[in-house]
$ cat start.tsv   # TSV, C-alpha atoms and all ligand atoms
chain	number	residue	atom	x	y	z
A	1	MET	CA	135.53	160.51	126.64
A	2	THR	CA	131.98	159.35	127.29
A	3	ASN	CA	130.99	161.80	129.94
A	4	HIS	CA	127.86	163.22	128.44
A	5	PHE	CA	124.61	161.72	129.61
A	6	SER	CA	123.24	160.81	126.17
A	7	THR	CA	126.46	159.00	125.21
A	8	ARG	CA	126.53	157.12	128.51
A	9	ALA	CA	122.87	156.17	128.07
A	10	VAL	CA	123.66	154.59	124.69
A	11	HIS	CA	126.75	152.63	125.78
A	12	ALA	CA	126.51	152.11	129.55
A	13	GLY	CA	126.93	148.51	130.70
A	14	ASN	CA	128.30	147.19	127.42
A	15	ASP	CA	131.69	146.59	129.00
A	16	VAL	CA	130.39	144.01	131.49
A	17	PRO	CA	132.21	140.80	130.48
A	18	PRO	CA	130.27	137.68	129.46
A	19	PRO	CA	129.43	135.39	132.41
A	20	ARG	CA	132.23	133.10	133.62
A	21	GLY	CA	129.95	130.14	134.33
A	22	HIS	CA	127.85	128.33	131.75
A	23	PRO	CA	124.19	129.41	131.69
A	24	VAL	CA	121.94	126.37	132.17
A	25	SER	CA	119.46	127.52	129.55
A	26	PRO	CA	120.14	129.06	126.13
A	27	SER	CA	120.72	132.79	125.97
A	28	ILE	CA	118.85	135.14	123.66
A	29	TYR	CA	121.18	137.21	121.49
A	30	PRO	CA	119.14	139.96	119.87
A	31	ALA	CA	122.21	141.78	118.46
A	32	VAL	CA	121.98	142.26	114.71
A	33	THR	CA	125.62	143.16	114.26
A	34	TYR	CA	128.93	142.17	115.90
A	35	THR	CA	132.00	144.29	116.45
A	36	TYR	CA	135.59	143.12	116.90
A	37	ASP	CA	138.65	144.60	118.59
A	38	ASN	CA	140.62	144.54	115.36
A	39	MET	CA	139.70	144.85	111.72
A	40	ASP	CA	141.31	141.55	110.71
A	41	ASP	CA	138.90	139.68	112.98
A	42	LEU	CA	135.95	141.59	111.53
A	43	SER	CA	137.13	140.73	108.02
A	44	ALA	CA	137.47	137.07	108.97
A	45	ALA	CA	133.95	137.12	110.42
A	46	LEU	CA	132.55	138.77	107.31
A	47	HIS	CA	134.35	136.75	104.68
A	48	GLU	CA	135.50	133.48	106.23
A	49	ASN	CA	132.60	132.74	108.59
A	50	ALA	CA	135.06	133.01	111.49
A	51	GLY	CA	132.55	134.51	113.91
A	52	TYR	CA	129.26	136.35	113.73
A	53	SER	CA	128.99	139.56	111.73
A	54	TYR	CA	125.37	140.27	110.77
A	55	SER	CA	122.41	138.25	111.99
A	56	ARG	CA	121.02	137.44	108.53
A	57	TYR	CA	124.26	135.48	108.08
A	58	GLY	CA	123.89	133.65	111.38
A	59	SER	CA	123.34	134.32	115.06
A	60	PRO	CA	124.01	132.40	118.30
A	61	THR	CA	120.49	131.61	119.54
A	62	ILE	CA	119.51	130.40	116.07
A	63	ALA	CA	122.65	128.23	115.97
A	64	ILE	CA	121.63	126.54	119.25
A	65	LEU	CA	118.18	125.76	117.83
A	66	GLU	CA	119.67	124.44	114.59
A	67	LYS	CA	122.05	122.18	116.47
A	68	ALA	CA	119.20	120.92	118.66
A	69	VAL	CA	116.96	120.07	115.68
A	70	ALA	CA	119.85	118.36	113.84
A	71	THR	CA	120.55	116.31	116.98
A	72	LEU	CA	116.93	115.19	117.31
A	73	GLU	CA	116.55	114.44	113.58
A	74	GLY	CA	119.96	112.71	113.42
A	75	THR	CA	121.17	114.92	110.57
A	76	GLU	CA	124.56	116.59	110.22
A	77	ASP	CA	123.09	120.07	110.37
A	78	ALA	CA	119.89	122.12	110.22
A	79	VAL	CA	118.91	125.63	109.10
A	80	ALA	CA	116.13	127.65	110.74
A	81	TYR	CA	113.55	129.81	108.93
A	82	ALA	CA	110.90	132.33	109.84
A	83	SER	CA	108.13	129.82	109.10
A	84	GLY	CA	107.52	126.31	107.86
A	85	MET	CA	106.74	127.74	104.41
A	86	GLY	CA	110.05	129.63	104.48
A	87	ALA	CA	111.79	126.32	105.21
A	88	LEU	CA	110.01	124.55	102.34
A	89	HIS	CA	110.89	127.43	100.01
A	90	GLY	CA	114.55	127.06	101.01
A	91	ALA	CA	114.46	123.28	100.54
A	92	PHE	CA	112.88	123.50	97.06
A	93	ALA	CA	115.28	126.19	95.88
A	94	GLN	CA	118.32	124.31	97.19
A	95	ALA	CA	117.08	121.15	95.46
A	96	ALA	CA	117.25	123.12	92.18
A	97	ILE	CA	113.64	122.36	91.34
A	98	THR	CA	112.87	124.35	88.21
A	99	PRO	CA	109.75	124.47	86.02
A	100	ASP	CA	111.20	122.14	83.40
A	101	ARG	CA	112.30	119.41	85.82
A	102	PRO	CA	109.63	116.95	86.93
A	103	VAL	CA	108.71	116.55	90.57
A	104	VAL	CA	106.71	113.68	92.04
A	105	ALA	CA	104.67	114.84	95.01
A	106	ALA	CA	101.98	113.50	97.31
A	107	ARG	CA	98.52	114.60	96.20
A	108	SER	CA	97.73	115.02	99.89
A	109	LEU	CA	100.43	117.70	100.48
A	110	TYR	CA	99.54	120.59	102.77
A	111	GLY	CA	97.75	123.16	100.58
A	112	ALA	CA	100.32	125.95	100.87
A	113	THR	CA	103.13	123.49	100.07
A	114	TYR	CA	101.31	122.40	96.93
A	115	THR	CA	100.71	126.03	95.93
A	116	LEU	CA	104.36	126.94	96.51
A	117	LEU	CA	105.58	123.98	94.46
A	118	ASN	CA	103.09	124.55	91.69
A	119	LYS	CA	103.29	128.34	91.46
A	120	MET	CA	107.00	128.88	91.99
A	121	TYR	CA	108.88	125.69	91.18
A	122	ALA	CA	107.37	122.91	89.08
A	123	ASP	CA	104.71	124.10	86.63
A	124	SER	CA	101.60	121.95	86.25
A	125	ALA	CA	103.13	119.86	83.46
A	126	ALA	CA	106.14	119.03	85.59
A	127	LEU	CA	104.29	118.34	88.82
A	128	HIS	CA	103.19	114.72	89.04
A	129	LEU	CA	100.79	114.23	91.92
A	130	VAL	CA	100.35	110.68	93.19
A	131	ASP	CA	98.51	108.86	95.95
A	132	ILE	CA	101.61	108.57	98.10
A	133	THR	CA	100.29	105.46	99.88
A	134	ASP	CA	99.96	103.61	96.57
A	135	ARG	CA	103.44	102.08	96.32
A	136	LYS	CA	103.00	100.87	92.74
A	137	ALA	CA	101.78	104.27	91.53
A	138	VAL	CA	104.68	106.04	93.25
A	139	GLN	CA	107.22	103.61	91.80
A	140	ALA	CA	105.69	103.94	88.31
A	141	ALA	CA	105.72	107.76	88.49
A	142	ILE	CA	109.38	107.79	89.56
A	143	GLU	CA	110.36	105.38	86.77
A	144	GLN	CA	108.40	107.27	84.15
A	145	VAL	CA	109.35	110.86	84.81
A	146	HIS	CA	112.79	110.61	86.49
A	147	PRO	CA	111.95	113.45	88.86
A	148	ARG	CA	114.42	115.90	90.32
A	149	ALA	CA	112.74	115.39	93.69
A	150	VAL	CA	110.03	113.43	95.48
A	151	VAL	CA	108.12	115.56	98.00
A	152	LEU	CA	105.96	114.01	100.70
A	153	GLU	CA	104.82	114.23	104.32
A	154	THR	CA	105.31	111.58	107.02
A	155	ILE	CA	101.64	111.85	108.01
A	156	SER	CA	99.32	113.69	105.64
A	157	ASN	CA	96.82	116.35	106.57
A	158	PRO	CA	93.89	115.81	107.30
A	159	LEU	CA	93.53	112.18	106.13
A	160	LEU	CA	96.64	111.04	108.05
A	161	LYS	CA	97.97	108.92	105.18
A	162	ILE	CA	101.30	107.25	105.92
A	163	PRO	CA	103.68	106.57	103.04
A	164	ASP	CA	106.29	103.83	103.04
A	165	ILE	CA	109.16	106.31	103.25
A	166	PRO	CA	112.02	103.75	103.19
A	167	ALA	CA	110.66	102.08	100.02
A	168	ILE	CA	109.93	105.42	98.30
A	169	THR	CA	113.38	106.72	99.20
A	170	GLN	CA	115.04	103.65	97.77
A	171	ALA	CA	113.09	103.94	94.51
A	172	ALA	CA	113.79	107.68	94.29
A	173	HIS	CA	117.51	107.23	94.83
A	174	GLN	CA	117.70	104.47	92.22
A	175	HIS	CA	116.47	107.05	89.71
A	176	GLY	CA	118.63	109.90	90.91
A	177	ALA	CA	115.87	111.83	92.69
A	178	LEU	CA	116.21	113.73	95.94
A	179	VAL	CA	113.71	112.98	98.72
A	180	ILE	CA	112.20	115.84	100.71
A	181	VAL	CA	110.02	114.87	103.67
A	182	ASP	CA	107.90	117.23	105.75
A	183	ASN	CA	108.09	115.61	109.20
A	184	THR	CA	105.90	118.18	110.96
A	185	PHE	CA	103.10	115.81	112.02
A	186	ALA	CA	105.32	112.93	113.20
A	187	THR	CA	108.22	114.87	114.73
A	188	PRO	CA	111.55	113.09	115.29
A	189	TYR	CA	110.07	111.59	118.46
A	190	LEU	CA	107.95	109.26	116.32
A	191	TYR	CA	110.07	108.98	113.20
A	192	ARG	CA	113.42	110.15	111.84
A	193	PRO	CA	113.33	110.20	108.02
A	194	ASN	CA	117.11	110.69	107.86
A	195	ASP	CA	117.62	107.23	109.40
A	196	HIS	CA	115.92	105.81	106.31
A	197	GLY	CA	117.98	107.70	103.75
A	198	VAL	CA	115.78	110.79	103.25
A	199	ASP	CA	117.89	113.69	101.97
A	200	VAL	CA	116.02	116.69	103.34
A	201	VAL	CA	113.73	116.85	106.39
A	202	VAL	CA	111.49	119.89	106.81
A	203	HIS	CA	109.47	121.13	109.79
A	204	SER	CA	106.92	123.72	110.48
A	205	ALA	CA	108.36	124.40	113.94
A	206	THR	CA	105.15	126.34	114.57
A	207	LYS	CA	103.52	123.00	115.35
A	208	TYR	CA	104.91	120.28	117.66
A	209	LEU	CA	108.49	121.56	117.97
A	210	GLY	CA	107.31	124.90	119.40
A	211	GLY	CA	104.22	123.26	120.80
A	212	HIS	CA	102.58	126.21	122.55
A	213	GLY	CA	100.91	128.18	119.78
A	214	ASP	CA	103.10	131.21	120.36
A	215	VAL	CA	105.81	131.03	117.72
A	216	LEU	CA	105.98	130.79	113.92
A	217	GLY	CA	109.08	129.03	112.62
A	218	GLY	CA	110.52	126.40	110.32
A	219	VAL	CA	113.62	124.23	110.00
A	220	VAL	CA	115.37	122.22	107.30
A	221	ALA	CA	117.49	119.35	108.65
A	222	THR	CA	119.95	117.86	106.20
A	223	THR	CA	123.61	117.20	105.35
A	224	ALA	CA	126.36	119.68	106.27
A	225	GLN	CA	126.92	120.47	102.58
A	226	ARG	CA	123.25	121.23	101.87
A	227	ALA	CA	122.95	123.22	105.07
A	228	HIS	CA	125.93	125.30	103.98
A	229	GLU	CA	124.21	126.01	100.66
A	230	LEU	CA	120.94	126.82	102.43
A	231	ARG	CA	122.75	129.36	104.62
A	232	LEU	CA	124.30	131.03	101.59
A	233	GLN	CA	120.86	131.14	99.99
A	234	GLN	CA	119.37	132.53	103.21
A	235	ARG	CA	121.66	135.56	102.86
A	236	SER	CA	119.56	136.63	99.90
A	237	PHE	CA	116.20	135.04	100.81
A	238	GLY	CA	116.28	136.67	104.23
A	239	ALA	CA	113.56	134.42	105.66
A	240	ASN	CA	115.48	134.23	108.95
A	241	LEU	CA	114.00	133.19	112.25
A	242	GLY	CA	114.31	135.79	115.01
A	243	PRO	CA	116.25	135.06	118.21
A	244	PHE	CA	113.21	135.31	120.48
A	245	GLU	CA	111.32	132.85	118.27
A	246	ALA	CA	114.34	130.52	118.26
A	247	TRP	CA	114.42	130.65	122.04
A	248	LEU	CA	110.70	129.92	122.36
A	249	THR	CA	111.06	126.99	119.94
A	250	LEU	CA	113.99	125.64	121.95
A	251	ARG	CA	112.03	126.00	125.14
A	252	GLY	CA	109.17	124.07	123.54
A	253	MET	CA	111.50	121.35	122.29
A	254	ARG	CA	112.74	120.58	125.79
A	255	THR	CA	109.37	118.95	126.46
A	256	LEU	CA	108.75	117.51	122.99
A	257	ALA	CA	108.99	113.91	124.20
A	258	LEU	CA	106.65	114.51	127.16
A	259	ARG	CA	104.11	116.33	125.04
A	260	MET	CA	104.18	113.79	122.20
A	261	ARG	CA	103.77	110.91	124.63
A	262	GLU	CA	100.75	112.57	126.22
A	263	GLN	CA	99.25	113.80	122.94
A	264	CYS	CA	99.58	110.38	121.26
A	265	ALA	CA	98.04	108.62	124.28
A	266	ASN	CA	95.20	111.15	124.45
A	267	ALA	CA	94.61	110.96	120.69
A	268	LEU	CA	94.31	107.17	120.83
A	269	ARG	CA	91.75	107.38	123.65
A	270	VAL	CA	89.75	110.06	121.86
A	271	ALA	CA	89.84	108.07	118.59
A	272	GLN	CA	88.66	104.90	120.36
A	273	TRP	CA	85.82	106.82	122.00
A	274	LEU	CA	84.79	108.50	118.74
A	275	HIS	CA	84.77	105.13	117.00
A	276	ASP	CA	81.88	104.01	119.23
A	277	GLN	CA	79.71	107.10	118.72
A	278	PRO	CA	76.61	106.72	116.51
A	279	SER	CA	76.85	110.35	115.34
A	280	ILE	CA	80.33	109.72	113.86
A	281	ALA	CA	80.46	108.20	110.39
A	282	ARG	CA	84.20	107.63	110.19
A	283	VAL	CA	87.25	107.98	112.43
A	284	ILE	CA	90.67	108.38	110.83
A	285	TYR	CA	93.53	107.59	113.18
A	286	PRO	CA	96.61	105.44	112.45
A	287	GLY	CA	96.40	103.91	115.93
A	288	LEU	CA	93.04	102.21	115.24
A	289	PRO	CA	93.43	98.60	114.03
A	290	HIS	CA	90.98	99.07	111.13
A	291	TYR	CA	92.99	102.02	109.77
A	292	PRO	CA	94.52	101.03	106.37
A	293	ASP	CA	98.07	102.17	107.24
A	294	HIS	CA	97.97	100.84	110.83
A	295	ASP	CA	100.57	98.10	110.24
A	296	LEU	CA	102.90	100.46	108.41
A	297	ALA	CA	102.56	103.03	111.20
A	298	GLN	CA	103.47	100.33	113.71
A	299	GLN	CA	106.45	99.35	111.63
A	300	LEU	CA	107.76	102.89	111.09
A	301	PHE	CA	106.89	104.83	114.23
A	302	ARG	CA	107.98	104.61	117.85
A	303	ALA	CA	106.11	101.72	119.49
A	304	ASP	CA	102.48	102.55	120.34
A	305	HIS	CA	102.73	106.15	119.08
A	306	PHE	CA	100.50	107.18	116.18
A	307	GLY	CA	100.50	110.97	116.31
A	308	GLY	CA	98.42	113.59	118.06
A	309	VAL	CA	95.89	114.29	115.29
A	310	VAL	CA	92.55	112.54	114.86
A	311	SER	CA	90.21	113.28	111.95
A	312	PHE	CA	86.57	112.29	111.97
A	313	GLU	CA	83.44	112.72	109.93
A	314	LEU	CA	80.12	113.73	111.43
A	315	ARG	CA	77.34	111.52	110.12
A	316	ALA	CA	75.05	113.11	107.52
A	317	ALA	CA	76.55	116.51	108.22
A	318	ALA	CA	77.53	119.45	106.05
A	319	GLU	CA	78.65	122.98	106.90
A	320	PRO	CA	75.65	124.06	109.07
A	321	GLU	CA	75.82	120.93	111.27
A	322	VAL	CA	79.62	121.10	111.52
A	323	PHE	CA	79.48	124.80	112.44
A	324	ARG	CA	76.89	124.07	115.15
A	325	PHE	CA	79.11	121.31	116.56
A	326	MET	CA	82.18	123.58	116.52
A	327	GLU	CA	80.35	126.43	118.20
A	328	ALA	CA	79.12	124.08	120.93
A	329	LEU	CA	82.68	123.10	121.93
A	330	LYS	CA	83.73	124.65	125.23
A	331	LEU	CA	87.22	123.32	125.95
A	332	ILE	CA	88.46	122.47	122.47
A	333	GLN	CA	89.26	125.65	120.58
A	334	THR	CA	88.58	126.05	116.88
A	335	GLY	CA	91.49	127.34	114.87
A	336	THR	CA	93.86	126.66	112.03
A	337	SER	CA	96.93	125.18	113.63
A	338	LEU	CA	97.95	121.95	115.33
A	339	GLY	CA	100.53	120.45	117.62
A	340	ASP	CA	99.89	122.79	120.53
A	341	VAL	CA	99.41	121.84	124.17
A	342	TYR	CA	95.82	123.03	123.65
A	343	SER	CA	93.32	120.91	121.73
A	344	LEU	CA	92.43	122.61	118.46
A	345	LEU	CA	89.77	121.65	115.96
A	346	LEU	CA	89.76	122.67	112.31
A	347	TYR	CA	87.18	122.29	109.53
A	348	PRO	CA	89.23	121.59	106.36
A	349	ALA	CA	86.38	122.50	103.99
A	350	GLN	CA	86.34	125.99	105.51
A	351	SER	CA	90.06	126.52	106.00
A	352	SER	CA	93.02	124.36	104.95
A	353	HIS	CA	91.28	122.85	101.89
A	354	HIS	CA	88.89	125.65	100.98
A	355	ALA	CA	91.00	126.76	98.02
A	356	LEU	CA	90.72	123.32	96.37
A	357	GLY	CA	87.05	123.81	95.62
A	358	ARG	CA	84.39	121.28	96.64
A	359	GLU	CA	84.80	118.88	93.73
A	360	GLU	CA	88.56	118.40	94.11
A	361	ARG	CA	88.24	118.31	97.91
A	362	LEU	CA	85.69	115.51	97.71
A	363	ARG	CA	87.88	113.74	95.14
A	364	GLN	CA	90.66	113.78	97.71
A	365	GLY	CA	88.35	112.16	100.27
A	366	ILE	CA	87.79	115.27	102.39
A	367	GLY	CA	84.04	115.28	102.92
A	368	ASP	CA	81.69	118.08	103.99
A	369	GLY	CA	81.41	116.59	107.47
A	370	LEU	CA	85.13	116.00	108.10
A	371	VAL	CA	86.91	117.78	110.95
A	372	ARG	CA	90.50	117.52	112.17
A	373	LEU	CA	91.26	117.48	115.88
A	374	SER	CA	94.76	118.22	117.14
A	375	VAL	CA	94.64	116.64	120.57
A	376	GLY	CA	96.34	118.59	123.34
A	377	ILE	CA	97.74	117.60	126.72
A	378	GLU	CA	94.57	118.33	128.66
A	379	ASP	CA	93.08	115.35	130.50
A	380	ALA	CA	91.63	112.93	127.93
A	381	GLU	CA	88.43	112.63	129.98
A	382	ASP	CA	87.81	116.35	129.66
A	383	ILE	CA	88.44	116.35	125.90
A	384	ILE	CA	86.00	113.45	125.50
A	385	ALA	CA	83.41	115.13	127.74
A	386	ASP	CA	83.61	118.26	125.60
A	387	LEU	CA	83.14	116.30	122.39
A	388	LYS	CA	80.24	114.41	123.97
A	389	GLN	CA	78.32	117.52	124.95
A	390	ALA	CA	78.92	119.17	121.54
A	391	LEU	CA	78.12	116.24	119.22
A	392	PRO	CA	74.58	116.08	117.84
B	1	LIG	C1	102.55	119.80	107.33
B	1	LIG	C2	102.78	121.28	107.28
B	1	LIG	N1	103.89	121.77	106.68
B	1	LIG	C3	104.14	123.08	106.62
B	1	LIG	C4	103.26	124.01	107.15
B	1	LIG	C5	103.57	125.47	107.04
B	1	LIG	O1	104.09	125.90	108.24
B	1	LIG	P1	104.02	127.44	108.74
B	1	LIG	O2	102.59	127.74	109.00
B	1	LIG	O3	104.90	127.43	109.95
B	1	LIG	O4	104.59	128.26	107.64
B	1	LIG	C6	102.10	123.55	107.80
B	1	LIG	C7	101.16	124.52	108.38
B	1	LIG	O5	100.08	124.19	108.79
B	1	LIG	C8	101.86	122.16	107.86
B	1	LIG	O6	100.75	121.66	108.45
$ encode --input "start.tsv" --output "structure tokens" --more "lines below"
Ligand SMILES: Cc1ncc(COP(=O)(O)O)c(C=O)c1O
Amino acid sequence: MTNHFSTRAVHAGNDVPPPRGHPVSPSIYPAVTYTYDNMDDLSAALHENAGYSYSRYGSPTIAILEKAVATLEGTEDAVAYASGMGALHGAFAQAAITPDRPVVAARSLYGATYTLLNKMYADSAALHLVDITDRKAVQAAIEQVHPRAVVLETISNPLLKIPDIPAITQAAHQHGALVIVDNTFATPYLYRPNDHGVDVVVHSATKYLGGHGDVLGGVVATTAQRAHELRLQQRSFGANLGPFEAWLTLRGMRTLALRMREQCANALRVAQWLHDQPSIARVIYPGLPHYPDHDLAQQLFRADHFGGVVSFELRAAAEPEVFRFMEALKLIQTGTSLGDVYSLLLYPAQSSHHALGREERLRQGIGDGLVRLSVGIEDAEDIIADLKQALP
């Protein structure tokens, strides 16, 4: 029946059976749709989730990634998204955050997360921003407003503030609030929020999970019930991760522990070196003993691991001096991401916190001379040498 060339070209090879052995690495399934030998099976796939039908409803490579993230985070399940913002959008919608229901959130939230919350979920009257490291203020806000949810990050950006997640979670649960934690900066290698009762864990997989600066993705790790609801929601949101991106993220995650170990060790060395430099006014790194949240970081995180990001302030510097320093860097690249194997430096006043305006930015403690360095896995000596030759 399929003797004509054009027909053979379209279908040739499709009858090769799946491999008999087990592939040692995950396979990429780009197929958008699945066919079955009988219509009952197709119906079951479409309506009873008994098999794949259409890739917006689920697909095998994505399922492998979701299982892997759930395993590392210690949650029952996880749902992948096309970006970290897609994941946060899913988490907020599933939490039924609506403009009339109060939300308590860290004032230090990543800018786009704040904008998403404020513009699409909780209006300004309902959004109660707190210094998430001020336990009394957080407790008071929860008691006062009885929020639907408390939204925070394990390590804030760029000031690297560390909240007492177990205490906040306990207070939130006592008042019926859901806790949503963005664990992007810490990764499950340093800290697993689910072990401390957190309801929903979110990742920008673009950062440490992927780790190589070549994939945009996000994941929500949570209970089986919430994951089920997120998947139903995803059918209409359509912010699905693609199979190639899922595969790249999985490939990155295989070395997450190795990379985090190296990046944390490098970051500590760089922070210690910066601390002794006369041209540096302030070094922010949870691994330094003088850092205000150092003890809490030691208590919460994997022993001797404090993250791969170091922020520091150039002495008496504003935009021109910071730009000159950034342009003088040779090894460290300047760009707006983090968590990659490459060292990346960002100027918050120009990028991540530009939209805040200078007054609010300064109010949040993000000065004109502050830069954020995501330390890569290059040799620490080379990173330090680059900083040395570029600093004024
Ligand atoms: C802590 C944090 N959460 C979420 C996001 C958003 O992730 P994505 O860029 O993958 O949408 C970012 C991005 O920088 C981030 O730093």
$ closest_atom_pairs --input "start.tsv" --of "segment 199-276 of chain A" --to "segment 329-340 of chain A" --cutoff "7 Å" --atoms "all atoms listed in the file" --output "tab-separated table"
residue	atom	partner	partner_atom	distance
A:Lys207	CA	A:Gly339	CA	4.5
A:Tyr208	CA	A:Gly339	CA	4.4
A:Gly211	CA	A:Asp340	CA	4.4
A:His212	CA	A:Asp340	CA	4.8
A:Gly213	CA	A:Asp340	CA	5.5
$ closest_atom_pairs --input "start.tsv" --of "chain A" --to "ligand LIG 1 (chain B)" --cutoff "10 Å" --atoms "all atoms listed in the file" --output "Markdown table"
| residue | atom | partner | partner_atom | distance |
| --- | --- | --- | --- | --- |
| A:Tyr81 | CA | B:LIG1 | O3 | 9.0 |
| A:Ala82 | CA | B:LIG1 | O3 | 7.7 |
| A:Ser83 | CA | B:LIG1 | O3 | 4.1 |
| A:Gly84 | CA | B:LIG1 | O1 | 3.5 |
| A:Met85 | CA | B:LIG1 | O4 | 3.9 |
| A:Gly86 | CA | B:LIG1 | O4 | 6.5 |
| A:Ala87 | CA | B:LIG1 | O4 | 7.8 |
| A:Leu88 | CA | B:LIG1 | C3 | 7.4 |
| A:His89 | CA | B:LIG1 | O4 | 9.9 |
| A:Leu109 | CA | B:LIG1 | C1 | 7.5 |
| A:Tyr110 | CA | B:LIG1 | C1 | 5.5 |
| A:Gly111 | CA | B:LIG1 | C8 | 8.4 |
| A:Ala112 | CA | B:LIG1 | C5 | 7.0 |
| A:Thr113 | CA | B:LIG1 | C3 | 6.6 |
| A:Leu152 | CA | B:LIG1 | C1 | 9.4 |
| A:Glu153 | CA | B:LIG1 | C1 | 6.7 |
| A:Thr154 | CA | B:LIG1 | C1 | 8.7 |
| A:Ile155 | CA | B:LIG1 | C1 | 8.0 |
| A:Ser156 | CA | B:LIG1 | C1 | 7.1 |
| A:Asn157 | CA | B:LIG1 | C1 | 6.7 |
| A:Pro158 | CA | B:LIG1 | O6 | 9.1 |
| A:Val181 | CA | B:LIG1 | C1 | 9.7 |
| A:Asp182 | CA | B:LIG1 | N1 | 6.1 |
| A:Asn183 | CA | B:LIG1 | C1 | 7.2 |
| A:Thr184 | CA | B:LIG1 | C1 | 5.2 |
| A:Phe185 | CA | B:LIG1 | C1 | 6.2 |
| A:Ala186 | CA | B:LIG1 | C1 | 9.5 |
| A:Val202 | CA | B:LIG1 | N1 | 7.8 |
| A:His203 | CA | B:LIG1 | N1 | 6.4 |
| A:Ser204 | CA | B:LIG1 | O1 | 4.2 |
| A:Ala205 | CA | B:LIG1 | O3 | 6.1 |
| A:Thr206 | CA | B:LIG1 | O3 | 4.8 |
| A:Lys207 | CA | B:LIG1 | O3 | 7.1 |
| A:Val215 | CA | B:LIG1 | O3 | 8.6 |
| A:Leu216 | CA | B:LIG1 | O3 | 5.3 |
| A:Gly217 | CA | B:LIG1 | O3 | 5.2 |
| A:Gly218 | CA | B:LIG1 | O3 | 5.7 |
| A:Val219 | CA | B:LIG1 | O3 | 9.3 |
| A:Thr336 | CA | B:LIG1 | O5 | 7.4 |
| A:Ser337 | CA | B:LIG1 | O5 | 5.9 |
| A:Leu338 | CA | B:LIG1 | O5 | 7.2 |
| A:Gly339 | CA | B:LIG1 | O6 | 9.3 |
| A:Ser352 | CA | B:LIG1 | O5 | 8.0 |
$ residues_near_point --input "start.tsv" --point "(112.8, 114.5, 123.8)" --cutoff "12 Å" --atoms "only C-alpha atoms" --output "list in words"
Ala68, Val69, Thr71, Leu72, Glu73, Thr187, Pro188, Tyr189, Leu190, Tyr208, Leu209, Leu250, Arg251, Gly252, Met253, Arg254, Thr255, Leu256, Ala257, Leu258, Arg259, Met260 and Arg261 of chain A
$ residues_around --input "start.tsv" --residues "Ala95 of chain A" --least-positions-apart "5" --cutoff "8 Å" --atoms "all atoms listed in the file" --output "PDB file with C-alpha atoms, in the frame of the given file"
ATOM      1  CA  ARG A 148     114.420 115.900  90.320  1.00  0.00           C
ATOM      2  CA  ALA A 149     112.740 115.390  93.690  1.00  0.00           C
ATOM      3  CA  LEU A 178     116.210 113.730  95.940  1.00  0.00           C
TER       4      LEU A 178
END
$ closest_residue --input "start.tsv" --among "A:Gly90, A:Pro147, A:Pro320, A:Gly242" --to "Val32 of chain A" --atoms "only C-alpha atoms"
A:Gly242
$ residues_around --input "start.tsv" --residues "Ser53 of chain A" --least-positions-apart "4" --cutoff "9 Å" --atoms "only C-alpha atoms" --output "list of chain:residue names"
A:Val32, A:Thr33, A:Tyr34, A:Thr35, A:Leu42, A:Ala45, A:Leu46, A:Asn49, A:Tyr57, A:Gly58, A:Ser59
$ closest_residue --input "start.tsv" --among "A:Arg269, A:His22, A:Arg56, A:Arg302" --to "Asn240 of chain A" --atoms "only C-alpha atoms"
A:Arg56
$ closest_atom_pairs --input "start.tsv" --of "segment 143-187 of chain A" --to "segment 130-133 of chain A" --cutoff "8 Å" --atoms "all atoms listed in the file" --output "Markdown table"
| residue | atom | partner | partner_atom | distance |
| --- | --- | --- | --- | --- |
| A:Leu152 | CA | A:Ile132 | CA | 7.4 |
| A:Lys161 | CA | A:Thr133 | CA | 6.7 |
| A:Ile162 | CA | A:Thr133 | CA | 6.4 |
| A:Pro163 | CA | A:Thr133 | CA | 4.8 |
| A:Asp164 | CA | A:Thr133 | CA | 7.0 |
$ atom_distance --input "start.tsv" --atom1 "atom CA of Ile165 of chain A" --atom2 "atom CA of Ala140 of chain A"
15.5 Å
$ residues_near_point --input "start.tsv" --point "(104.3, 119.1, 85.2)" --cutoff "8 Å" --atoms "all atoms listed in the file" --output "number ranges by chain"
A: 99-100, 102-103, 122-128
$ write_last_selection --input "start.tsv" --atoms "C-alpha atoms" --output "PDB file, in the frame of the given file"
ATOM      1  CA  PRO A  99     109.750 124.470  86.020  1.00  0.00           C
ATOM      2  CA  ASP A 100     111.200 122.140  83.400  1.00  0.00           C
ATOM      3  CA  PRO A 102     109.630 116.950  86.930  1.00  0.00           C
ATOM      4  CA  VAL A 103     108.710 116.550  90.570  1.00  0.00           C
ATOM      5  CA  ALA A 122     107.370 122.910  89.080  1.00  0.00           C
ATOM      6  CA  ASP A 123     104.710 124.100  86.630  1.00  0.00           C
ATOM      7  CA  SER A 124     101.600 121.950  86.250  1.00  0.00           C
ATOM      8  CA  ALA A 125     103.130 119.860  83.460  1.00  0.00           C
ATOM      9  CA  ALA A 126     106.140 119.030  85.590  1.00  0.00           C
ATOM     10  CA  LEU A 127     104.290 118.340  88.820  1.00  0.00           C
ATOM     11  CA  HIS A 128     103.190 114.720  89.040  1.00  0.00           C
TER      12      HIS A 128
END
$ closest_residue --input "start.tsv" --among "A:Val309, A:Ala246, A:Ala224, A:Ala355" --to "Ala265 of chain A" --atoms "all atoms listed in the file"
A:Val309
